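Pasting start39.txt here (compact mmCIF, C-alpha atoms):
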# COMPACT_ATOMS: atom_id res chain seq x y z
CA MET E 2 85.32 2.29 -3.66
CA LYS E 3 84.74 1.34 -7.25
CA GLU E 4 81.95 3.28 -8.95
CA PHE E 5 79.63 1.94 -11.65
CA PRO E 6 80.23 3.44 -15.04
CA ILE E 7 77.67 6.04 -16.09
CA LYS E 8 76.34 3.66 -18.73
CA SER E 9 75.67 1.00 -16.06
CA LYS E 10 73.89 3.54 -13.87
CA ARG E 11 71.66 4.46 -16.75
CA LEU E 12 70.83 0.83 -17.38
CA ILE E 13 70.00 0.27 -13.71
CA PHE E 14 67.81 3.40 -13.65
CA ALA E 15 66.06 2.33 -16.82
CA GLY E 16 65.45 -1.11 -15.36
CA LEU E 17 64.03 0.34 -12.16
CA LEU E 18 61.86 2.67 -14.19
CA VAL E 19 60.52 -0.23 -16.24
CA ILE E 20 59.79 -2.18 -13.07
CA SER E 21 58.05 0.83 -11.50
CA VAL E 22 55.95 1.49 -14.57
CA THR E 23 55.08 -2.20 -14.77
CA VAL E 24 54.05 -2.24 -11.12
CA ILE E 25 51.95 0.90 -11.57
CA LEU E 26 50.28 -0.40 -14.71
CA THR E 27 49.66 -3.78 -13.13
CA GLY E 28 48.20 -2.11 -10.04
CA THR E 29 46.04 0.17 -12.17
CA LEU E 30 44.75 -2.74 -14.24
CA TYR E 31 44.12 -4.76 -11.07
CA TYR E 32 42.27 -1.81 -9.50
CA ARG E 33 40.17 -1.36 -12.63
CA HIS E 34 39.44 -5.08 -12.75
CA ILE E 35 38.40 -5.21 -9.09
CA PHE E 36 36.48 -1.95 -8.90
CA ASN E 37 35.62 -0.21 -12.15
CA ILE E 38 35.10 -2.75 -14.93
CA PRO E 39 31.45 -3.78 -15.44
CA ASN E 40 30.85 -7.06 -13.63
CA ILE E 41 27.09 -7.31 -13.06
CA TYR E 42 24.96 -8.07 -16.11
CA VAL E 43 21.14 -7.91 -16.22
CA SER E 44 19.45 -8.95 -19.43
CA GLU E 45 16.37 -6.77 -18.79
CA GLY E 46 18.49 -3.67 -18.13
CA LYS E 47 17.79 -3.64 -14.41
CA THR E 48 16.45 -5.84 -11.65
CA THR E 49 15.67 -5.51 -7.95
CA LEU E 50 17.28 -7.04 -4.91
CA ASN E 51 15.32 -7.14 -1.65
CA ILE E 52 17.44 -7.74 1.43
CA PRO E 53 15.28 -8.66 4.44
CA GLU E 54 15.79 -7.64 8.05
CA SER E 55 17.45 -10.90 9.03
CA GLN E 56 20.78 -12.48 9.83
CA TRP E 57 22.04 -12.23 6.27
CA ASP E 58 25.78 -11.91 5.75
CA VAL E 59 27.64 -10.70 2.66
CA GLN E 60 27.69 -14.20 1.17
CA ASP E 61 23.90 -14.40 1.48
CA VAL E 62 23.64 -11.10 -0.42
CA ILE E 63 25.94 -12.39 -3.15
CA ASN E 64 23.94 -15.62 -3.40
CA ALA E 65 20.68 -13.68 -3.77
CA LEU E 66 22.27 -11.37 -6.33
CA ASN E 67 23.54 -14.34 -8.30
CA GLU E 68 19.93 -15.49 -8.74
CA LYS E 69 18.88 -12.10 -10.09
CA ALA E 70 21.82 -11.22 -12.33
CA GLU E 71 24.93 -12.63 -13.99
CA ILE E 72 28.11 -12.00 -12.02
CA LYS E 73 30.93 -12.26 -14.56
CA ASP E 74 33.77 -12.53 -12.04
CA LEU E 75 32.59 -13.71 -8.63
CA ARG E 76 36.08 -13.62 -7.10
CA SER E 77 36.58 -9.97 -7.99
CA LEU E 78 33.22 -9.07 -6.41
CA LYS E 79 34.16 -10.80 -3.18
CA LYS E 80 37.55 -9.07 -3.23
CA ALA E 81 35.92 -5.67 -3.77
CA ALA E 82 33.55 -6.34 -0.88
CA SER E 83 36.51 -7.13 1.35
CA LEU E 84 38.63 -4.14 0.26
CA LEU E 85 35.68 -1.75 0.69
CA ASP E 86 34.91 -3.14 4.17
CA TYR E 87 31.44 -4.35 3.27
CA GLU E 88 30.58 -6.29 6.42
CA LYS E 89 27.33 -4.89 7.83
CA VAL E 90 24.37 -5.86 5.66
CA HIS E 91 21.60 -3.27 5.39
CA SER E 92 18.09 -4.44 4.58
CA GLY E 93 16.23 -2.67 1.82
CA HIS E 94 15.09 -2.57 -1.79
CA TYR E 95 17.98 -2.05 -4.21
CA ILE E 96 18.00 -1.45 -7.96
CA ILE E 97 20.66 -3.46 -9.77
CA THR E 98 21.47 -2.05 -13.21
CA ASP E 99 23.12 -3.73 -16.18
CA ARG E 100 26.93 -3.45 -16.42
CA MET E 101 27.25 -2.27 -12.83
CA SER E 102 30.80 -2.29 -11.50
CA ASN E 103 31.79 -3.96 -8.24
CA LYS E 104 32.53 -0.58 -6.71
CA GLU E 105 29.11 0.84 -7.63
CA LEU E 106 27.32 -2.20 -6.31
CA VAL E 107 29.26 -2.60 -3.06
CA ASN E 108 29.15 1.10 -2.20
CA MET E 109 25.37 1.12 -2.72
CA LEU E 110 24.85 -1.91 -0.51
CA ARG E 111 27.24 -1.03 2.29
CA ARG E 112 25.78 2.48 2.56
CA GLY E 113 22.21 1.19 2.47
CA LEU E 114 21.32 3.41 -0.50
CA GLN E 115 18.03 1.71 -1.24
CA THR E 116 15.39 2.97 -3.66
CA PRO E 117 11.87 3.84 -2.41
CA ILE E 118 8.99 1.85 -3.87
CA ARG E 119 5.44 2.84 -4.74
CA VAL E 120 2.85 1.18 -2.52
CA THR E 121 -0.75 1.17 -3.70
CA LEU E 122 -3.75 0.75 -1.41
CA HIS E 123 -6.91 0.15 -3.39
CA ASN E 124 -10.23 -1.66 -3.09
CA LEU E 125 -9.66 -3.25 0.32
CA ARG E 126 -12.39 -4.26 2.72
CA THR E 127 -10.95 -5.97 5.78
CA LYS E 128 -7.93 -5.85 8.05
CA THR E 129 -6.83 -9.19 6.64
CA GLU E 130 -6.94 -7.84 3.08
CA LEU E 131 -5.01 -4.72 4.09
CA ALA E 132 -2.33 -6.69 5.92
CA ALA E 133 -1.98 -9.07 2.97
CA SER E 134 -1.70 -6.22 0.47
CA LEU E 135 0.94 -4.39 2.50
CA SER E 136 2.97 -7.54 3.14
CA GLN E 137 3.04 -8.28 -0.60
CA GLN E 138 4.53 -4.84 -1.26
CA LEU E 139 6.70 -4.25 1.82
CA MET E 140 9.05 -6.27 4.02
CA PRO E 141 6.82 -6.85 7.12
CA ASP E 142 4.74 -10.01 7.05
CA SER E 143 0.95 -9.84 7.26
CA ALA E 144 0.89 -11.27 10.80
CA SER E 145 2.94 -8.38 12.21
CA ILE E 146 0.70 -5.79 10.51
CA LEU E 147 -2.50 -7.58 11.52
CA SER E 148 -1.27 -7.79 15.10
CA LEU E 149 -1.00 -3.99 15.32
CA LEU E 150 -4.40 -3.55 13.67
CA ASN E 151 -5.84 -5.53 16.58
CA ASP E 152 -3.69 -4.03 19.34
CA SER E 153 -5.87 -1.69 21.43
CA ALA E 154 -2.97 -0.14 23.33
CA PHE E 155 -1.00 0.54 20.16
CA LEU E 156 -4.00 1.98 18.29
CA SER E 157 -4.92 4.27 21.18
CA GLY E 158 -1.76 6.22 20.41
CA TYR E 159 -3.39 7.18 17.12
CA GLY E 160 -6.77 7.94 18.69
CA LEU E 161 -8.20 4.74 17.19
CA ASN E 162 -9.50 1.37 18.33
CA VAL E 163 -9.72 -2.14 16.92
CA ASP E 164 -13.05 -1.35 15.23
CA ASN E 165 -12.12 1.85 13.40
CA ALA E 166 -8.37 1.30 12.81
CA LEU E 167 -8.86 1.07 9.04
CA THR E 168 -9.96 4.72 8.88
CA LEU E 169 -6.28 5.67 9.23
CA PHE E 170 -5.59 4.33 5.74
CA ILE E 171 -6.61 6.52 2.79
CA PRO E 172 -6.44 4.57 -0.50
CA ASP E 173 -3.81 6.02 -2.82
CA THR E 174 -0.27 5.32 -4.03
CA TYR E 175 2.52 6.24 -1.62
CA GLU E 176 6.31 6.06 -1.61
CA PHE E 177 7.76 3.82 1.09
CA PHE E 178 11.12 2.34 1.88
CA TRP E 179 10.61 -1.39 1.41
CA ASN E 180 12.09 -2.24 4.81
CA THR E 181 9.71 0.02 6.75
CA ASP E 182 8.57 -2.04 9.75
CA ALA E 183 4.93 -2.58 10.76
CA SER E 184 4.84 0.31 13.26
CA GLY E 185 6.56 2.55 10.72
CA ILE E 186 3.71 1.92 8.29
CA PHE E 187 1.28 3.38 10.82
CA GLU E 188 3.53 6.39 11.44
CA ARG E 189 3.69 7.08 7.73
CA MET E 190 -0.04 6.65 7.20
CA GLN E 191 -0.78 9.00 10.08
CA LYS E 192 1.22 11.71 8.27
CA GLU E 193 -0.75 11.05 5.09
CA TYR E 194 -4.00 11.05 7.10
CA LYS E 195 -3.20 14.46 8.55
CA ARG E 196 -2.25 15.73 5.11
CA PHE E 197 -5.58 14.51 3.70
CA TRP E 198 -7.67 15.97 6.51
CA THR E 199 -7.14 19.63 5.70
CA GLU E 200 -8.74 22.45 7.65
CA GLU E 201 -11.38 22.69 4.93
CA ARG E 202 -12.31 19.02 5.21
CA LEU E 203 -12.35 19.18 9.00
CA ALA E 204 -14.67 22.18 8.89
CA LYS E 205 -17.07 20.38 6.54
CA ALA E 206 -17.11 17.33 8.80
CA GLU E 207 -17.85 19.46 11.85
CA ALA E 208 -20.72 21.16 10.00
CA ILE E 209 -22.55 17.85 9.35
CA PRO E 210 -21.71 17.21 12.31
CA LEU E 211 -19.47 14.11 12.17
CA THR E 212 -15.93 13.35 13.26
CA PRO E 213 -13.40 12.38 10.56
CA VAL E 214 -13.66 8.76 11.72
CA GLN E 215 -17.45 8.87 11.42
CA VAL E 216 -17.18 10.43 7.98
CA SER E 217 -14.96 7.54 6.88
CA ILE E 218 -17.37 4.98 8.32
CA LEU E 219 -20.28 6.56 6.46
CA ALA E 220 -18.17 6.84 3.29
CA SER E 221 -17.45 3.12 3.47
CA ILE E 222 -21.20 2.40 3.45
CA VAL E 223 -21.78 4.84 0.57
CA GLU E 224 -19.03 3.22 -1.49
CA GLU E 225 -20.41 -0.27 -0.92
CA GLU E 226 -23.97 0.86 -1.63
CA THR E 227 -23.59 2.12 -5.19
CA ASN E 228 -21.47 1.50 -8.27
CA SER E 229 -22.11 5.00 -9.57
CA TYR E 230 -19.74 7.79 -8.53
CA ARG E 231 -22.48 10.27 -9.43
CA GLU E 232 -24.71 8.77 -6.75
CA TYR E 233 -22.16 9.05 -3.94
CA PRO E 234 -23.23 12.53 -2.74
CA VAL E 235 -26.94 11.64 -3.09
CA VAL E 236 -26.58 8.41 -1.09
CA ALA E 237 -24.49 10.24 1.50
CA GLY E 238 -27.21 12.89 1.83
CA LEU E 239 -29.87 10.22 2.30
CA TYR E 240 -28.00 8.55 5.17
CA ILE E 241 -27.25 11.90 6.78
CA ASN E 242 -30.98 12.68 6.62
CA ARG E 243 -31.73 9.41 8.40
CA LEU E 244 -29.05 10.02 11.03
CA LYS E 245 -30.40 13.47 11.79
CA ARG E 246 -33.94 12.08 12.16
CA GLY E 247 -32.79 9.25 14.40
CA MET E 248 -33.86 6.62 11.86
CA LEU E 249 -32.12 3.30 11.40
CA LEU E 250 -29.75 3.48 8.43
CA GLN E 251 -30.99 0.10 7.14
CA ALA E 252 -28.03 -0.16 4.77
CA ASP E 253 -27.82 -3.56 3.08
CA PRO E 254 -24.00 -3.47 2.75
CA THR E 255 -23.69 -3.38 6.54
CA VAL E 256 -25.76 -6.56 6.72
CA LYS E 257 -23.49 -8.26 4.19
CA PHE E 258 -20.51 -7.21 6.32
CA ALA E 259 -22.20 -8.51 9.48
CA VAL E 260 -22.99 -11.83 7.78
CA GLY E 261 -19.49 -11.97 6.34
CA ASP E 262 -20.62 -12.55 2.77
CA PHE E 263 -20.04 -9.71 0.31
CA SER E 264 -21.26 -11.85 -2.58
CA LEU E 265 -24.89 -11.70 -1.47
CA ARG E 266 -27.04 -10.27 -4.25
CA ARG E 267 -30.24 -10.42 -2.30
CA VAL E 268 -30.50 -9.59 1.40
CA LEU E 269 -33.20 -11.76 2.99
CA ASN E 270 -35.09 -11.48 6.27
CA ILE E 271 -32.88 -14.14 7.81
CA HIS E 272 -29.86 -11.93 7.13
CA LEU E 273 -31.57 -8.94 8.73
CA GLN E 274 -31.81 -10.89 12.00
CA THR E 275 -28.01 -11.14 12.33
CA ASP E 276 -27.06 -9.84 15.75
CA SER E 277 -24.11 -7.58 15.06
CA PRO E 278 -23.36 -3.92 15.81
CA TYR E 279 -22.68 -3.64 12.07
CA ASN E 280 -26.27 -4.61 11.24
CA THR E 281 -27.87 -1.20 10.77
CA TYR E 282 -31.31 -2.81 10.51
CA ARG E 283 -31.04 -3.69 14.21
CA TYR E 284 -28.72 -1.05 15.67
CA ALA E 285 -29.17 2.71 15.37
CA GLY E 286 -26.53 5.11 14.19
CA LEU E 287 -23.30 4.33 12.43
CA PRO E 288 -21.59 0.96 12.91
CA PRO E 289 -18.47 0.95 15.11
CA GLY E 290 -16.10 0.84 12.16
CA PRO E 291 -15.91 1.01 8.36
CA ILE E 292 -17.12 -1.91 6.26
CA ARG E 293 -14.32 -1.23 3.78
CA ILE E 294 -11.46 1.24 3.47
CA PRO E 295 -13.27 4.16 1.81
CA SER E 296 -11.66 6.04 -1.05
CA GLY E 297 -10.87 9.73 -0.87
CA ARG E 298 -13.61 10.26 -3.44
CA ALA E 299 -16.21 8.62 -1.18
CA ILE E 300 -15.03 10.63 1.83
CA ASP E 301 -15.31 13.85 -0.14
CA ALA E 302 -18.79 12.80 -1.31
CA VAL E 303 -19.89 12.62 2.33
CA LEU E 304 -18.29 15.97 3.12
CA ASN E 305 -19.99 17.49 0.08
CA TYR E 306 -23.23 15.53 0.33
CA THR E 307 -26.26 16.55 -1.72
CA LYS E 308 -28.94 18.28 0.32
CA HIS E 309 -32.34 16.74 -0.50
CA ASN E 310 -35.33 15.12 1.22
CA TYR E 311 -34.71 11.50 0.26
CA LEU E 312 -35.04 8.95 3.07
CA TYR E 313 -35.31 5.70 1.11
CA MET E 314 -33.41 3.99 -1.67
CA VAL E 315 -33.47 0.68 -3.48
CA ALA E 316 -31.53 -0.67 -6.42
CA LYS E 317 -33.03 0.07 -9.81
CA GLU E 318 -34.88 -2.70 -11.61
CA THR E 319 -32.32 -2.31 -14.41
CA LEU E 320 -29.78 -3.88 -12.01
CA ASN E 321 -27.09 -1.53 -13.30
CA GLY E 322 -25.85 -0.66 -9.81
CA GLU E 323 -27.80 2.59 -9.59
CA HIS E 324 -30.77 3.37 -7.34
CA ASN E 325 -34.28 4.76 -7.18
CA PHE E 326 -34.68 7.29 -4.37
CA ALA E 327 -37.86 8.19 -2.48
CA THR E 328 -39.00 10.72 0.09
CA ASN E 329 -41.77 8.53 1.52
CA LEU E 330 -42.38 4.88 2.31
CA ARG E 331 -45.17 4.38 -0.23
CA GLU E 332 -43.01 5.51 -3.13
CA HIS E 333 -40.17 3.40 -1.80
CA THR E 334 -42.37 0.30 -1.57
CA ASN E 335 -43.30 0.63 -5.24
CA ASN E 336 -39.63 0.98 -6.16
CA ALA E 337 -38.76 -2.07 -4.03
CA ILE E 338 -41.44 -4.20 -5.71
CA ARG E 339 -40.02 -3.44 -9.15
CA TYR E 340 -36.54 -4.38 -7.95
CA GLN E 341 -37.70 -7.65 -6.39
CA GLN E 342 -39.59 -8.56 -9.55
CA ALA E 343 -36.44 -8.01 -11.57
CA LEU E 344 -34.50 -10.35 -9.26
CA ASN E 345 -37.25 -12.97 -9.53
CA ARG E 346 -37.19 -12.81 -13.32
CA LEU E 347 -33.49 -13.56 -13.24
CA ARG E 348 -33.96 -16.23 -10.56
CA ILE E 349 -31.71 -14.44 -8.13
CA TYR E 350 -32.91 -15.63 -4.77
CA GLN E 351 -29.85 -15.03 -2.58
Before anything else, please render the file you have as structure tokens.
Amino acid sequence: MKEFPIKSKRLIFAGLLVISVTVILTGTLYYRHIFNIPNIYVSEGKTTLNIPESQWDVQDVINALNEKAEIKDLRSLKKAASLLDYEKVHSGHYIITDRMSNKELVNMLRRGLQTPIRVTLHNLRTKTELAASLSQQLMPDSASILSLLNDSAFLSGYGLNVDNALTLFIPDTYEFFWNTDASGIFERMQKEYKRFWTEERLAKAEAIPLTPVQVSILASIVEEETNSYREYPVVAGLYINRLKRGMLLQADPTVKFAVGDFSLRRVLNIHLQTDSPYNTYRYAGLPPGPIRIPSGRAIDAVLNYTKHNYLYMVAKETLNGEHNFATNLREHTNNAIRYQQALNRLRIYQ
């Protein structure tokens, strides 16, 4: 057999080496292009991508991403998704950063590595307002949340009912995963509720004596009654005095709630006739549920109420949101006359 000259062998080896190096370099460049080179551009530095719990596929995700950011090479992104086996779409809230590579993006999405969001509950009165607020910040729609707020069987698992369900929610800012479902919201809030109701707070409630739910109901009235934080403990003490004496609370905010008009500036006799368990001019004791979601500050004001002998209160004639307090009906009547005269001067008749 005829052998190739040594020079020819060297040429063949060199050629194979060149081909190998070329293949390796080409493969490396292709890998970098597909996976590592920045491909997602966000002018603001970062943006968010919310993937709902639905029948989205990978193409739907790419379409949504394309509306939020600039994808420089769409084909390479699709190729990376295929090579990295991105098939199952995970719902969630994802942070998309500027100059993200395909590999970074796809690995985040296929592993469901979403970022928690901060959910704020503040200044809410009704179930409808709560459901709307939560649905604007989280994935579940307001109807699914509202349904559970009115589901007796579901609420009984939390020791609540359709009237007092809102007492589970303590206004604050919490971290949630965006795709937490409606029932998961309740589970999370129950943990926060238990964290809020420490042994110290429970002991103070028992000493009044009121249950935590009753404390929240009273706190909701206190918070609606006055604009002054300084008055919270005083107002709470007044209502506790009335409860202990078996007197009607006669709290105007409960009448507004019963009527369904929080804008009322003057509660009239016709309003006092409203037949509702929330009308504390007609029904003794606390109403069956809160008239707003009380803040932690209002709850603590009830637990640390001021001990005094006041039984009556009426808004000050200055109309600054504060009140004149009285220990007897005669003094209260004089205070009430001054308040009514102030309303008349300003032609506030309802």
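For Asn321 of chain E, the non-local neighbours within 10 Å, defined as residues at least 3 positions apart in the same chain or in other chains and counting only C-alpha atoms, are E:Thr227, E:Asn228, E:Ser229, E:Ala316, E:Lys317, E:Glu318, E:His324.
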Export, as an mmCIF file, in the coordinates of the input, the selected residues with C-alpha atoms.
data_model
loop_
_atom_site.group_PDB
_atom_site.id
_atom_site.type_symbol
_atom_site.label_atom_id
_atom_site.label_comp_id
_atom_site.auth_asym_id
_atom_site.auth_seq_id
_atom_site.Cartn_x
_atom_site.Cartn_y
_atom_site.Cartn_z
ATOM 1 C CA THR E 227 -23.590 2.120 -5.190
ATOM 2 C CA ASN E 228 -21.470 1.500 -8.270
ATOM 3 C CA SER E 229 -22.110 5.000 -9.570
ATOM 4 C CA ALA E 316 -31.530 -0.670 -6.420
ATOM 5 C CA LYS E 317 -33.030 0.070 -9.810
ATOM 6 C CA GLU E 318 -34.880 -2.700 -11.610
ATOM 7 C CA HIS E 324 -30.770 3.370 -7.340
#
Between E:Ser217, E:Ser145, E:Asn108, E:Ser83, which residue has the minimum interatomic distance to Leu131 of chain E, considering all atoms listed in the file? E:Ser145
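Compared by their closest atoms to Gly113 of chain E, and using all atoms listed in the file, the residues E:Gln56, E:Ser264, E:Thr199, E:Asn51 rank with E:Asn51 nearest.
One finds atom CA of Phe197 of chain E at 24.7 Å from atom CA of Leu239 of chain E.
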Which residue is closest to Pro295 of chain E? Choose from E:Phe170, E:Tyr282, E:Trp57, E:Tyr95 and count only C-alpha atoms. E:Phe170
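Checking E:Glu232, E:Glu68, E:Glu225, E:Glu45 one by one against Lys257 of chain E, counting all atoms listed in the file, you find the shortest gap at E:Glu225.
With atom CA of Ala343 of chain E on one side and atom CA of Glu323 of chain E on the other, the separation reads 13.8 Å.
Nearest residue to Thr129 of chain E, choosing from E:Pro39, E:Lys308, E:Leu147, E:Asn336 and counting only C-alpha atoms: E:Leu147.
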By how many Å are atom CA of Gln60 of chain E and atom CA of Arg111 of chain E apart? 13.2 Å
Considering all atoms listed in the file, can you say which of E:Arg196, E:His91, E:Pro213, E:Phe36 comes closest to Asp58 of chain E? E:His91
